[in-house]
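Okay, work.cif is below, mmCIF, C-alpha atoms:
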data_work
#
loop_
_atom_site.label_atom_id
_atom_site.label_comp_id
_atom_site.auth_asym_id
_atom_site.auth_seq_id
_atom_site.Cartn_x
_atom_site.Cartn_y
_atom_site.Cartn_z
CA VAL A 11 75.87 -15.26 110.57
CA THR A 12 78.08 -15.68 113.60
CA LEU A 13 80.39 -18.63 114.16
CA GLN A 14 78.14 -19.78 116.98
CA GLY A 15 75.15 -19.69 114.62
CA VAL A 16 77.04 -21.66 111.97
CA LEU A 17 78.05 -24.30 114.50
CA ILE A 18 74.52 -24.68 115.83
CA LEU A 19 73.03 -24.94 112.34
CA ASP A 20 75.73 -27.41 111.26
CA MET A 21 74.99 -29.51 114.34
CA ALA A 22 71.30 -29.45 113.51
CA GLY A 23 72.17 -30.43 109.94
CA ILE A 24 74.26 -33.36 111.11
CA LEU A 25 71.43 -34.55 113.37
CA LEU A 26 68.99 -34.28 110.46
CA LEU A 27 71.40 -36.25 108.25
CA VAL A 28 71.74 -39.01 110.84
CA TRP A 29 67.97 -39.16 111.27
CA VAL A 30 67.30 -39.29 107.53
CA LEU A 31 69.99 -41.93 106.96
CA ASN A 32 68.51 -44.01 109.75
CA LEU A 33 65.03 -43.72 108.25
CA VAL A 34 66.32 -44.78 104.83
CA ARG A 35 68.29 -47.65 106.35
CA GLY A 36 65.20 -48.86 108.17
CA GLY A 37 63.07 -48.67 105.04
CA ARG A 38 60.81 -46.02 106.54
CA LEU A 39 61.83 -43.36 104.01
CA TYR A 40 62.25 -43.99 100.32
CA VAL A 41 65.83 -43.54 99.18
CA GLY A 42 64.75 -40.90 96.64
CA TYR A 43 63.27 -38.69 99.35
CA GLY A 44 66.37 -39.35 101.45
CA VAL A 45 68.63 -38.11 98.66
CA VAL A 46 66.62 -34.89 98.37
CA PHE A 47 66.89 -34.17 102.08
CA ILE A 48 70.57 -35.15 102.29
CA LEU A 49 71.48 -32.94 99.33
CA ALA A 50 69.51 -29.98 100.69
CA THR A 51 71.04 -30.37 104.14
CA VAL A 52 74.62 -30.75 102.90
CA LEU A 53 74.28 -27.78 100.53
CA THR A 54 72.90 -25.62 103.32
CA MET A 55 75.71 -26.64 105.64
CA VAL A 56 78.32 -25.87 102.99
CA ALA A 57 76.74 -22.48 102.25
CA LEU A 58 76.71 -21.66 105.95
CA SER A 59 80.28 -22.72 106.51
CA ILE A 60 81.81 -20.83 103.56
CA GLN A 61 81.11 -17.13 104.14
CA ALA A 62 81.93 -16.11 100.56
CA LEU A 63 79.42 -18.59 99.21
CA LEU A 64 76.78 -17.32 101.63
CA ARG A 65 77.40 -13.71 100.53
CA LEU A 66 77.16 -14.80 96.90
CA LEU A 67 73.85 -16.54 97.60
CA THR A 68 72.55 -13.45 99.40
CA ARG A 69 73.36 -11.26 96.41
CA LEU A 70 71.85 -13.79 93.99
CA VAL A 71 68.47 -13.84 95.72
CA GLY A 72 68.50 -10.07 96.15
CA ALA A 73 68.53 -10.11 99.94
CA VAL A 74 70.35 -7.68 102.20
CA TYR A 75 71.15 -10.06 105.03
CA PRO A 76 72.26 -13.72 104.74
CA THR A 77 69.54 -14.78 107.18
CA SER A 78 66.88 -13.38 104.83
CA ALA A 79 68.42 -15.27 101.93
CA LEU A 80 68.48 -18.51 103.91
CA THR A 81 64.86 -18.01 105.01
CA LEU A 82 63.79 -17.41 101.43
CA LEU A 83 65.62 -20.51 100.19
CA ALA A 84 64.21 -22.60 103.03
CA PHE A 85 60.70 -21.38 102.23
CA GLY A 86 61.16 -22.27 98.57
CA PHE A 87 62.44 -25.71 99.52
CA ILE A 88 59.46 -26.31 101.83
CA VAL A 89 56.95 -25.26 99.16
CA LEU A 90 58.59 -27.49 96.56
CA MET A 91 58.67 -30.43 98.95
CA LEU A 92 55.05 -29.84 99.93
CA VAL A 93 53.89 -29.90 96.32
CA TYR A 94 56.01 -32.96 95.65
CA VAL A 95 54.68 -34.83 98.69
CA LEU A 96 51.11 -33.89 97.81
CA THR A 97 51.55 -35.22 94.28
CA GLN A 98 52.84 -38.47 95.73
CA LEU A 99 49.90 -38.55 98.14
CA THR A 100 47.48 -37.98 95.26
CA ILE A 101 49.06 -40.78 93.26
CA VAL A 102 48.78 -43.16 96.20
CA SER A 103 45.20 -42.01 96.79
CA ASN A 104 44.36 -42.66 93.13
CA ARG A 105 45.90 -46.10 93.38
CA VAL A 106 43.89 -46.91 96.50
CA ALA A 107 40.72 -45.72 94.73
CA LEU A 108 41.54 -47.95 91.76
CA VAL A 109 42.05 -50.94 94.04
CA VAL A 110 38.78 -50.23 95.86
CA GLN A 111 36.92 -49.87 92.56
CA GLU A 112 38.54 -53.01 91.18
CA LEU A 113 37.54 -55.00 94.24
CA ALA A 114 33.98 -53.68 94.06
CA LEU A 115 33.76 -54.47 90.35
CA GLN A 116 35.10 -57.99 90.81
CA ARG A 117 32.61 -58.72 93.57
CA ALA A 118 29.79 -57.24 91.53
CA THR A 119 30.84 -59.29 88.51
CA GLU A 120 30.89 -62.44 90.60
CA GLN A 121 27.44 -61.64 91.91
CA ALA A 122 26.07 -60.83 88.47
CA GLY A 123 27.59 -63.75 86.64
CA PRO A 124 28.92 -63.59 83.09
CA PRO A 125 27.31 -61.05 80.80
CA LEU A 126 24.98 -62.48 78.21
CA VAL A 127 25.05 -61.34 74.61
CA PRO A 128 22.95 -62.89 71.86
CA ARG A 129 24.80 -64.76 69.14
CA ASP A 130 23.16 -62.82 66.35
CA GLY A 131 24.43 -59.53 67.69
CA THR A 132 21.03 -58.08 68.42
CA GLY A 133 20.89 -56.46 71.79
CA THR A 134 19.27 -58.07 74.75
CA SER A 135 19.83 -57.36 78.39
CA ASP A 136 20.95 -59.95 80.88
CA ARG A 137 17.40 -59.71 82.09
CA GLY A 138 15.87 -59.96 78.65
CA VAL A 139 14.97 -56.34 77.91
CA THR A 140 15.01 -55.56 74.22
CA SER A 141 14.81 -52.40 72.22
CA GLU A 142 11.43 -53.41 70.93
CA SER A 143 10.09 -54.01 74.39
CA VAL A 144 10.35 -50.37 75.37
CA GLU A 145 9.00 -48.94 72.15
CA GLY A 146 5.41 -49.27 73.21
CA ALA A 147 6.00 -47.81 76.61
CA SER A 148 4.42 -44.52 77.48
CA ASN A 149 6.04 -41.72 79.38
CA VAL A 150 3.43 -40.00 81.54
CA PRO A 151 1.45 -41.42 83.14
CA PHE A 152 3.70 -44.32 83.75
CA ARG A 153 2.55 -47.74 82.67
CA PRO A 154 3.81 -50.68 84.70
CA ALA A 155 6.28 -53.14 83.33
CA ALA A 156 3.64 -55.54 82.10
CA GLY A 157 4.21 -54.14 78.62
CA TYR A 158 7.68 -55.62 78.45
CA SER A 159 8.06 -58.71 76.39
CA GLY A 160 10.23 -61.74 76.70
CA GLU A 161 10.90 -61.54 80.38
CA PRO A 162 12.92 -64.57 81.39
CA PRO A 163 12.10 -66.61 84.44
CA ALA A 164 13.36 -64.87 87.54
CA GLU A 165 15.48 -67.18 89.58
CA GLY A 166 18.06 -66.15 92.04
CA ARG A 167 19.30 -62.61 92.39
CA GLY A 168 20.97 -59.97 90.30
CA HIS A 169 21.60 -60.38 86.63
CA ARG A 170 21.54 -64.13 86.82
CA ALA A 171 17.83 -63.87 87.34
CA GLY A 172 17.37 -63.15 83.66
CA ARG A 173 19.62 -65.84 82.28
CA TRP A 174 18.27 -67.68 79.31
CA PRO A 175 19.64 -71.07 78.36
CA GLY A 176 20.82 -72.19 74.98
CA ASP A 177 20.94 -69.25 72.66
CA TRP A 178 23.51 -67.22 74.48
CA ARG A 179 27.19 -66.96 74.78
CA THR A 180 29.28 -65.55 77.52
CA ALA A 181 30.88 -62.35 76.39
CA GLY A 182 33.09 -59.62 77.61
CA PRO A 183 36.47 -59.51 79.18
CA GLY A 184 37.06 -59.65 82.86
CA VAL A 185 36.96 -56.45 84.78
CA GLY A 186 40.17 -54.55 84.59
CA THR A 187 41.49 -51.05 84.63
CA GLY A 188 43.67 -49.14 82.30
CA GLY A 189 46.15 -46.55 83.31
CA ARG A 190 45.38 -42.98 82.48
CA ARG A 191 45.81 -42.70 78.72
CA GLY A 192 47.62 -46.00 78.93
CA ARG A 193 50.44 -44.57 80.97
CA PRO A 194 50.94 -45.87 84.48
CA GLU A 195 51.28 -43.21 87.12
CA ARG A 196 54.68 -43.01 88.67
CA ALA A 197 55.06 -42.91 92.37
CA ARG A 198 58.15 -43.22 94.43
CA GLY A 199 58.45 -45.58 97.29
CA LEU B 30 18.98 -48.29 70.08
CA PRO B 31 20.19 -48.99 73.60
CA SER B 32 19.22 -52.59 73.90
CA ARG B 33 21.23 -53.39 76.99
CA VAL B 34 20.57 -50.86 79.68
CA LEU B 35 22.16 -50.71 83.10
CA VAL B 36 20.58 -48.62 85.81
CA ALA B 37 23.16 -47.58 88.39
CA ILE B 38 22.49 -45.99 91.75
CA PRO B 39 25.45 -44.53 93.67
CA ALA B 40 24.60 -44.75 97.36
CA TYR B 41 26.32 -43.46 100.47
CA ASN B 42 24.55 -43.87 103.80
CA GLU B 43 21.14 -44.18 102.17
CA ALA B 44 19.70 -46.98 104.30
CA ALA B 45 16.46 -45.05 104.75
CA THR B 46 15.69 -44.79 101.05
CA ILE B 47 17.69 -47.34 99.07
CA ARG B 48 15.14 -50.15 99.37
CA ASP B 49 12.33 -47.94 98.09
CA VAL B 50 14.44 -46.58 95.24
CA VAL B 51 15.53 -50.06 94.13
CA LEU B 52 11.99 -51.40 94.29
CA ARG B 53 10.67 -48.45 92.31
CA VAL B 54 13.34 -48.93 89.66
CA ARG B 55 12.51 -52.63 89.53
CA ASP B 56 8.83 -51.82 89.12
CA SER B 57 9.51 -49.30 86.40
CA LEU B 58 12.19 -51.12 84.45
CA SER B 59 11.85 -54.72 85.48
CA GLN B 60 14.08 -56.13 82.77
CA CYS B 61 16.93 -53.67 83.06
CA ASP B 62 19.98 -54.67 85.03
CA LEU B 63 20.39 -52.78 88.25
CA LEU B 64 23.65 -51.93 89.95
CA VAL B 65 23.93 -50.18 93.29
CA VAL B 66 27.35 -48.73 93.98
CA ASN B 67 27.58 -48.72 97.75
CA ASP B 68 30.23 -46.09 98.30
CA GLY B 69 31.55 -47.26 101.66
CA SER B 70 28.32 -46.64 103.54
CA ARG B 71 28.63 -46.82 107.31
CA ASP B 72 24.96 -47.42 107.91
CA ALA B 73 22.83 -50.46 107.02
CA THR B 74 22.87 -49.83 103.26
CA ALA B 75 24.99 -52.93 102.56
CA GLU B 76 22.74 -55.19 104.63
CA ILE B 77 19.61 -53.85 102.94
CA LEU B 78 21.13 -54.43 99.52
CA LYS B 79 21.64 -58.12 100.31
CA GLY B 80 17.90 -58.62 100.30
CA LEU B 81 17.24 -56.78 97.06
CA ASP B 82 17.26 -57.85 93.44
CA ALA B 83 20.22 -55.72 92.50
CA VAL B 84 23.90 -56.27 91.99
CA ALA B 85 25.96 -54.44 94.59
CA ALA B 86 29.39 -52.98 93.88
CA THR B 87 30.65 -52.11 97.32
CA HIS B 88 33.54 -49.74 97.85
CA ILE B 89 35.28 -50.80 101.04
CA CYS B 90 35.81 -47.13 101.84
CA ASN B 91 34.14 -43.92 100.74
CA LEU B 92 35.58 -42.61 97.48
CA GLY B 93 33.06 -39.89 96.73
CA TYR B 94 30.23 -39.49 94.25
CA GLY B 95 32.45 -39.06 91.21
CA ARG B 96 34.32 -42.29 91.84
CA ALA B 97 31.07 -44.12 92.54
CA VAL B 98 29.67 -43.04 89.19
CA GLN B 99 32.96 -43.99 87.57
CA THR B 100 32.71 -47.47 89.08
CA ALA B 101 29.27 -47.80 87.49
CA ILE B 102 30.64 -46.64 84.14
CA LYS B 103 33.52 -49.11 84.35
CA TYR B 104 31.07 -51.88 85.14
CA ALA B 105 28.88 -50.89 82.20
CA LEU B 106 31.91 -50.63 79.93
CA HIS B 107 33.32 -54.02 80.79
CA ARG B 108 29.95 -55.74 80.66
CA GLN B 109 29.24 -54.16 77.31
CA TYR B 110 26.05 -52.30 78.09
CA ASP B 111 24.70 -49.99 75.44
CA ALA B 112 23.49 -47.37 77.86
CA LEU B 113 23.89 -46.46 81.50
CA VAL B 114 21.25 -44.69 83.53
CA THR B 115 22.38 -43.08 86.77
CA LEU B 116 20.05 -41.80 89.42
CA ASP B 117 20.40 -40.69 93.01
CA ALA B 118 19.73 -43.01 95.91
CA ASP B 119 18.00 -40.43 98.06
CA GLY B 120 14.64 -40.88 96.35
CA GLN B 121 14.57 -37.42 94.80
CA HIS B 122 14.35 -38.80 91.28
CA HIS B 123 11.30 -40.60 89.99
CA PRO B 124 12.37 -43.87 88.34
CA GLU B 125 9.09 -43.81 86.45
CA GLN B 126 10.54 -41.02 84.31
CA ILE B 127 13.47 -43.13 83.13
CA ARG B 128 11.44 -44.97 80.55
CA GLY B 129 10.52 -41.70 78.87
CA MET B 130 14.16 -40.66 78.96
CA LEU B 131 15.19 -43.93 77.33
CA GLN B 132 12.62 -43.45 74.59
CA THR B 133 14.01 -40.01 73.86
CA PHE B 134 17.55 -41.32 74.10
CA GLU B 135 16.79 -44.09 71.64
CA ALA B 136 16.10 -41.52 68.96
CA GLY B 137 19.87 -41.33 68.75
CA GLU B 138 20.15 -37.58 68.79
CA CYS B 139 22.44 -37.43 71.77
CA ASP B 140 25.19 -39.33 73.55
CA VAL B 141 24.24 -38.11 77.02
CA LEU B 142 20.73 -37.22 78.09
CA LEU B 143 20.52 -35.20 81.27
CA GLY B 144 17.40 -35.27 83.39
CA SER B 145 16.85 -31.55 83.81
CA ARG B 146 14.70 -29.81 86.39
CA TYR B 147 14.98 -26.45 84.70
CA VAL B 148 15.08 -26.98 80.95
CA THR B 149 11.36 -26.29 80.63
CA THR B 150 10.85 -23.54 83.17
CA ARG B 151 14.36 -22.08 82.89
CA ASN B 152 13.67 -20.73 86.31
CA TYR B 153 15.75 -21.40 89.41
CA SER B 154 13.53 -19.41 91.76
CA GLU B 155 12.59 -22.42 93.89
CA VAL B 156 16.22 -23.24 94.60
CA PRO B 157 17.92 -21.81 97.71
CA LEU B 158 19.95 -18.70 96.95
CA GLY B 159 23.40 -20.24 97.30
CA ARG B 160 22.62 -23.14 95.02
CA ARG B 161 20.77 -20.87 92.62
CA VAL B 162 23.84 -18.71 92.16
CA GLY B 163 25.99 -21.78 91.62
CA MET B 164 23.62 -23.33 89.11
CA ARG B 165 23.39 -20.13 87.11
CA LEU B 166 27.15 -19.73 87.26
CA PHE B 167 27.85 -23.23 85.96
CA SER B 168 25.15 -23.01 83.33
CA ILE B 169 26.65 -19.75 82.06
CA LEU B 170 30.18 -21.09 82.27
CA VAL B 171 29.26 -24.16 80.25
CA ARG B 172 27.67 -21.92 77.63
CA LEU B 173 30.68 -19.61 77.56
CA VAL B 174 33.21 -22.36 77.01
CA THR B 175 31.17 -24.72 74.83
CA GLY B 176 28.52 -22.54 73.26
CA LYS B 177 25.77 -24.83 74.51
CA ARG B 178 23.42 -23.89 77.31
CA VAL B 179 22.80 -26.63 79.84
CA TYR B 180 20.25 -25.60 82.43
CA ASP B 181 20.78 -28.36 84.97
CA THR B 182 24.45 -29.18 85.25
CA THR B 183 24.14 -30.88 88.62
CA SER B 184 21.50 -33.45 87.79
CA GLY B 185 22.22 -36.97 88.98
CA LEU B 186 19.72 -38.51 86.57
CA LYS B 187 21.48 -39.17 83.30
CA VAL B 188 21.46 -41.58 80.42
CA ILE B 189 24.93 -42.15 79.03
CA SER B 190 25.58 -43.97 75.80
CA ARG B 191 28.20 -46.62 75.39
CA SER B 192 30.27 -44.33 73.19
CA ALA B 193 30.84 -41.99 76.14
CA PHE B 194 31.87 -44.69 78.62
CA ASP B 195 35.50 -44.81 77.60
CA PRO B 196 36.30 -41.08 77.82
CA LEU B 197 34.49 -40.87 81.14
CA THR B 198 36.75 -43.51 82.64
CA ARG B 199 39.91 -42.02 81.18
CA TRP B 200 39.77 -38.72 82.99
CA HIS B 201 38.94 -37.74 86.54
CA PHE B 202 35.91 -35.71 87.51
CA VAL B 203 34.75 -34.15 90.75
CA ASP B 204 31.10 -35.12 90.58
CA PHE B 205 30.38 -35.76 86.91
CA HIS B 206 28.60 -32.42 86.73
CA ALA B 207 29.59 -29.31 84.74
CA GLU B 208 33.18 -30.44 84.27
CA ALA B 209 32.09 -33.72 82.68
CA ILE B 210 29.62 -31.87 80.45
CA VAL B 211 32.33 -29.49 79.27
CA TYR B 212 34.75 -32.35 78.72
CA LEU B 213 32.29 -34.39 76.67
CA LEU B 214 31.10 -31.39 74.65
CA GLY B 215 34.74 -30.54 74.02
CA LEU B 216 35.28 -34.01 72.63
CA GLY B 217 32.33 -33.58 70.30
CA TYR B 218 29.75 -35.64 72.17
CA ARG B 219 26.14 -34.52 71.97
CA ILE B 220 24.38 -33.66 75.21
CA ARG B 221 20.68 -32.94 75.54
CA GLU B 222 18.35 -32.24 78.44
CA TYR B 223 15.12 -34.01 79.22
CA PRO B 224 12.55 -32.37 81.51
CA ILE B 225 12.06 -34.18 84.79
CA SER B 226 10.53 -33.44 88.14
CA THR B 227 12.10 -34.28 91.48
CA SER B 228 10.96 -34.64 95.06
CA GLU B 229 12.52 -33.12 98.11
CA ARG B 230 14.90 -35.31 100.07
CA ILE B 231 13.10 -36.68 103.13
CA HIS B 232 15.76 -38.81 104.79
CA GLY B 233 19.47 -38.40 105.29
CA HIS B 234 21.75 -35.53 104.40
CA SER B 235 22.98 -34.06 101.17
CA MET B 236 26.50 -35.04 100.14
CA TYR B 237 27.33 -31.34 100.24
CA ASP B 238 27.96 -29.93 103.70
CA ALA B 239 28.70 -26.30 104.53
CA LEU B 240 32.38 -26.59 103.62
CA SER B 241 31.55 -28.40 100.40
CA HIS B 242 29.33 -25.51 99.34
CA LEU B 243 32.42 -23.35 99.50
CA LYS B 244 34.80 -25.82 97.91
CA TYR B 245 32.50 -27.21 95.21
CA PRO B 246 32.26 -24.08 93.02
CA LEU B 247 35.99 -23.50 93.19
CA LYS B 248 36.83 -27.11 92.40
CA THR B 249 34.28 -27.27 89.59
CA CYS B 250 35.50 -24.01 88.02
CA LEU B 251 39.05 -25.36 88.03
CA MET B 252 37.90 -28.67 86.61
CA ILE B 253 35.91 -26.92 83.87
CA LEU B 254 39.09 -25.15 82.79
CA LEU B 255 41.09 -28.36 82.95
CA GLY B 256 38.31 -30.25 81.19
CA MET B 257 38.55 -27.85 78.27
CA ILE B 258 42.32 -28.28 78.11
CA GLU B 259 42.09 -32.06 78.43
CA ALA B 260 39.46 -32.29 75.71
CA ALA B 261 41.58 -30.13 73.40
CA LEU B 262 44.66 -32.26 74.07
CA THR B 263 42.68 -35.45 73.52
CA ARG B 264 41.40 -34.13 70.19
CA ARG B 265 44.91 -33.20 69.16
CA ARG B 266 46.24 -36.63 70.13
CA SER B 267 43.47 -38.37 68.21
CA ARG B 268 44.21 -36.27 65.12
CA ALA B 269 47.89 -37.07 65.38
#

Have the structure of the file written as structure tokens, please.
Amino acid sequence: VTLQGVLILDMAGILLLVWVLNLVRGGRLYVGYGVVFILATVLTMVALSIQALLRLLTRLVGAVYPTSALTLLAFGFIVLMLVYVLTQLTIVSNRVALVVQELALQRATEQAGPPLVPRDGTGTSDRGVTSESVEGASNVPFRPAAGYSGEPPAEGRGHRAGRWPGDWRTAGPGVGTGGRRGRPERARG
Amino acid sequence: LPSRVLVAIPAYNEAATIRDVVLRVRDSLSQCDLLVVNDGSRDATAEILKGLDAVAATHICNLGYGRAVQTAIKYALHRQYDALVTLDADGQHHPEQIRGMLQTFEAGECDVLLGSRYVTTRNYSEVPLGRRVGMRLFSILVRLVTGKRVYDTTSGLKVISRSAFDPLTRWHFVDFHAEAIVYLLGLGYRIREYPISTSERIHGHSMYDALSHLKYPLKTCLMILLGMIEAALTRRRSRA
């Protein structure tokens, strides 16, 4: 690498450092990402400026020319950063999906009203369907729902339509989400 | 016996068919609770749902079929349903067949009952070539890794027991197809198939476009492998 090349690359490195520092200062780049870029830039500048270090690096990566070694290292850095950024993107995407699901579930829960569970523990749907009520049902040809028993009065919409007074208690926790295997995902920024 | 049954319909841009599907489900299973997961539809699906006797869980943006099914499972889990029935919103499934599925399911011999188009005939000849190859591939893959042959891994008509809700919300799936089957079988859940018939889609488009037909097999193969690993790790953790 010629002196001119070193100077140009060092200048580019300094510009990159200033840009990254400005982004971190302005809160547009998380400090963790900033540290990664600053370290990589400074190390590259040092390796470029000290010829012995550059030759050592070239031998270590098995390259013949320093430019090949630098290209290889840069490629490795880009691949690593790409995977890292994509993991962060996936984590953010998962979080957005969780929020969207949570919102949908909360709205659906509000629309449906509290779930109804019989006090004696026997199962009955919010709309009054029981295990016994489907026992007599045939498969093919289909018989209409007249065979169902105990259908509550249908008032309103959704699950509330089947609400029976008196013999029921509200059950079930509010809608929530758990982290994957109980561990929250970590994302920077 | 599954005494509290939730019927869930994931829907994305299904304005042409969703009303008919909901009404048919209501006619068939009038006392079951009905949830439509509107997966960020950009057509009139949301407006149509407002006039129907069904609870709507609306994703404010499109998350995909797998997430829509997962929303239904979460809803069923938190509202303590005993069983969840999922069916497609495009009208291909016949809601009239659900009652028969529930009767079979109530025998308690399985944790997941798949509505299968091919379990009786074991013949994919009516399926277009590309899909036929994929279906055979996944059926064989499932058999190779679990020892159990499942003839219709891509069916959207399923009955899922309460016991399977929790594991299905703890891991991520592409479309709750072969990868979910492998995962559940790996955890020791029992899966059976129930013969059903389906109709051709009349309105709208399949959720799989040309690119998806290329990506889907690759993604599913990867997820089958990961599903096996995840199930093994989960078993090991539970033993520990």

Inset, instruction - Tell me, as a ChimeraX atom specification, which residues lie within 8 Å of stretch 76-83 of chain A, counting all atoms listed in the file; anything in the same chain fewer than 6 positions away does not count. - result: /A:11,64-65,67-68

Store the residues picked out above, limited to C-alpha atoms, as a short mmCIF file (atom, residue, chain, number, x, y, z; two decimals), keeping the file's coordinate frame.
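Output below, filename selection-v1.cif:
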data_model
loop_
_atom_site.label_atom_id
_atom_site.label_comp_id
_atom_site.auth_asym_id
_atom_site.auth_seq_id
_atom_site.Cartn_x
_atom_site.Cartn_y
_atom_site.Cartn_z
CA VAL A 11 75.87 -15.26 110.57
CA LEU A 64 76.78 -17.32 101.63
CA ARG A 65 77.40 -13.71 100.53
CA LEU A 67 73.85 -16.54 97.60
CA THR A 68 72.55 -13.45 99.40
#

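The environment of B:Thr198 within 8 Å, counting all atoms listed in the file and disregarding residues fewer than 4 places along the same chain, consists of B:Gln99, B:Ile102, B:Lys103, B:Phe194.
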
Inset, instruction - May I ask which of the residues B:Arg178, B:Arg266, B:Arg146, B:His88 is the closest one to chain A, counting only C-alpha atoms? - result: B:His88

Inset, instruction - Would you kindly report the residues of chain B within 8 Å of chain A, using all atoms listed in the file, as a ChimeraX atom specification? - result: /B:30-34,56-63,81-90,92,96,100,104,107-109,125-126,128-129,132,199-200

Legend entry - Shell of 10 Å around stretch 180-182 of chain B, all atoms listed in the file, local chain residues under 5 positions omitted, as a list of chain:residue names: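 Those residues are B:Leu143, B:Gly144, B:Ser145, B:Arg146, B:Tyr147, B:Val148, B:Thr149, B:Thr150, B:Arg151, B:Asn152, B:Tyr153, B:Gly163, B:Met164, B:Arg165, B:Phe167, B:Ser168, B:Ile169, B:Val171, B:Arg172, B:Phe205, B:His206, B:Ala207, B:Glu208, B:Ala209, B:Ile210, B:Val211, B:Glu222, B:Tyr223, B:Pro224.
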
Inset, instruction - Grab the atom CA of B:Leu158 to atom CA of B:Val188 distance for me, in Å with one decimal place. - result: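 Distance between the two atoms: 28.3 Å.
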
Legend entry - Proximity to A:Gln14 - best of A:Val46, A:Val30, A:Leu58, A:Thr51, all atoms listed in the file: A:Leu58

Inset, instruction - Using atom CA of B:Arg71 and atom CA of B:Ala45 as the two end points, give the distance in Å to one decimal. - result: 12.6 Å

Legend entry - Gap from atom CA of B:Thr263 to atom CA of B:Asn91 - Å, one decimal: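 Between these atoms lies a distance of 29.8 Å.
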
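All residues of protein, DNA or RNA that reach within 9 Å of B:Thr74, judged by only C-alpha atoms and not counting those fewer than 6 positions away in the chain, are Ala40, Tyr41, Asn42, Glu43, Ala44, Ala45, Ile47, Arg48 and Asn67 of chain B.
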
Taking all atoms of stretch 98-104 of chain A that the file lists, what box with edges along x, y and z, padded by 4 Å per side, do you get, with centre and edge lengths in Å to one decimal, as lines of an AutoDock Vina configuration file?
center_x = 48.6
center_y = -40.6
center_z = 95.6
size_x = 16.5
size_y = 13.2
size_z = 13.0

Legend entry - the PyMOL selection byres ((chain B and resi 252-254) around 9) applied to the shown file, residues as a ChimeraX atom specification: /B:170-171,174,202-203,207-212,247-251,255-259

Inset, instruction - Could you give me, as a list in words, the residues within 6 Å of B:Val65, counting only C-alpha atoms and dropping anything in the same chain fewer than 5 positions from it? - result: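 Final neighbour list, sorted by chain and number: Ala37, Ile38, Pro39 and Ala85 of chain B.
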
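Using only C-alpha atoms for every distance, the candidate list A:Val93, A:Val102, A:Ile88, A:Leu26 yields A:Leu26 as the residue closest to A:Met55.
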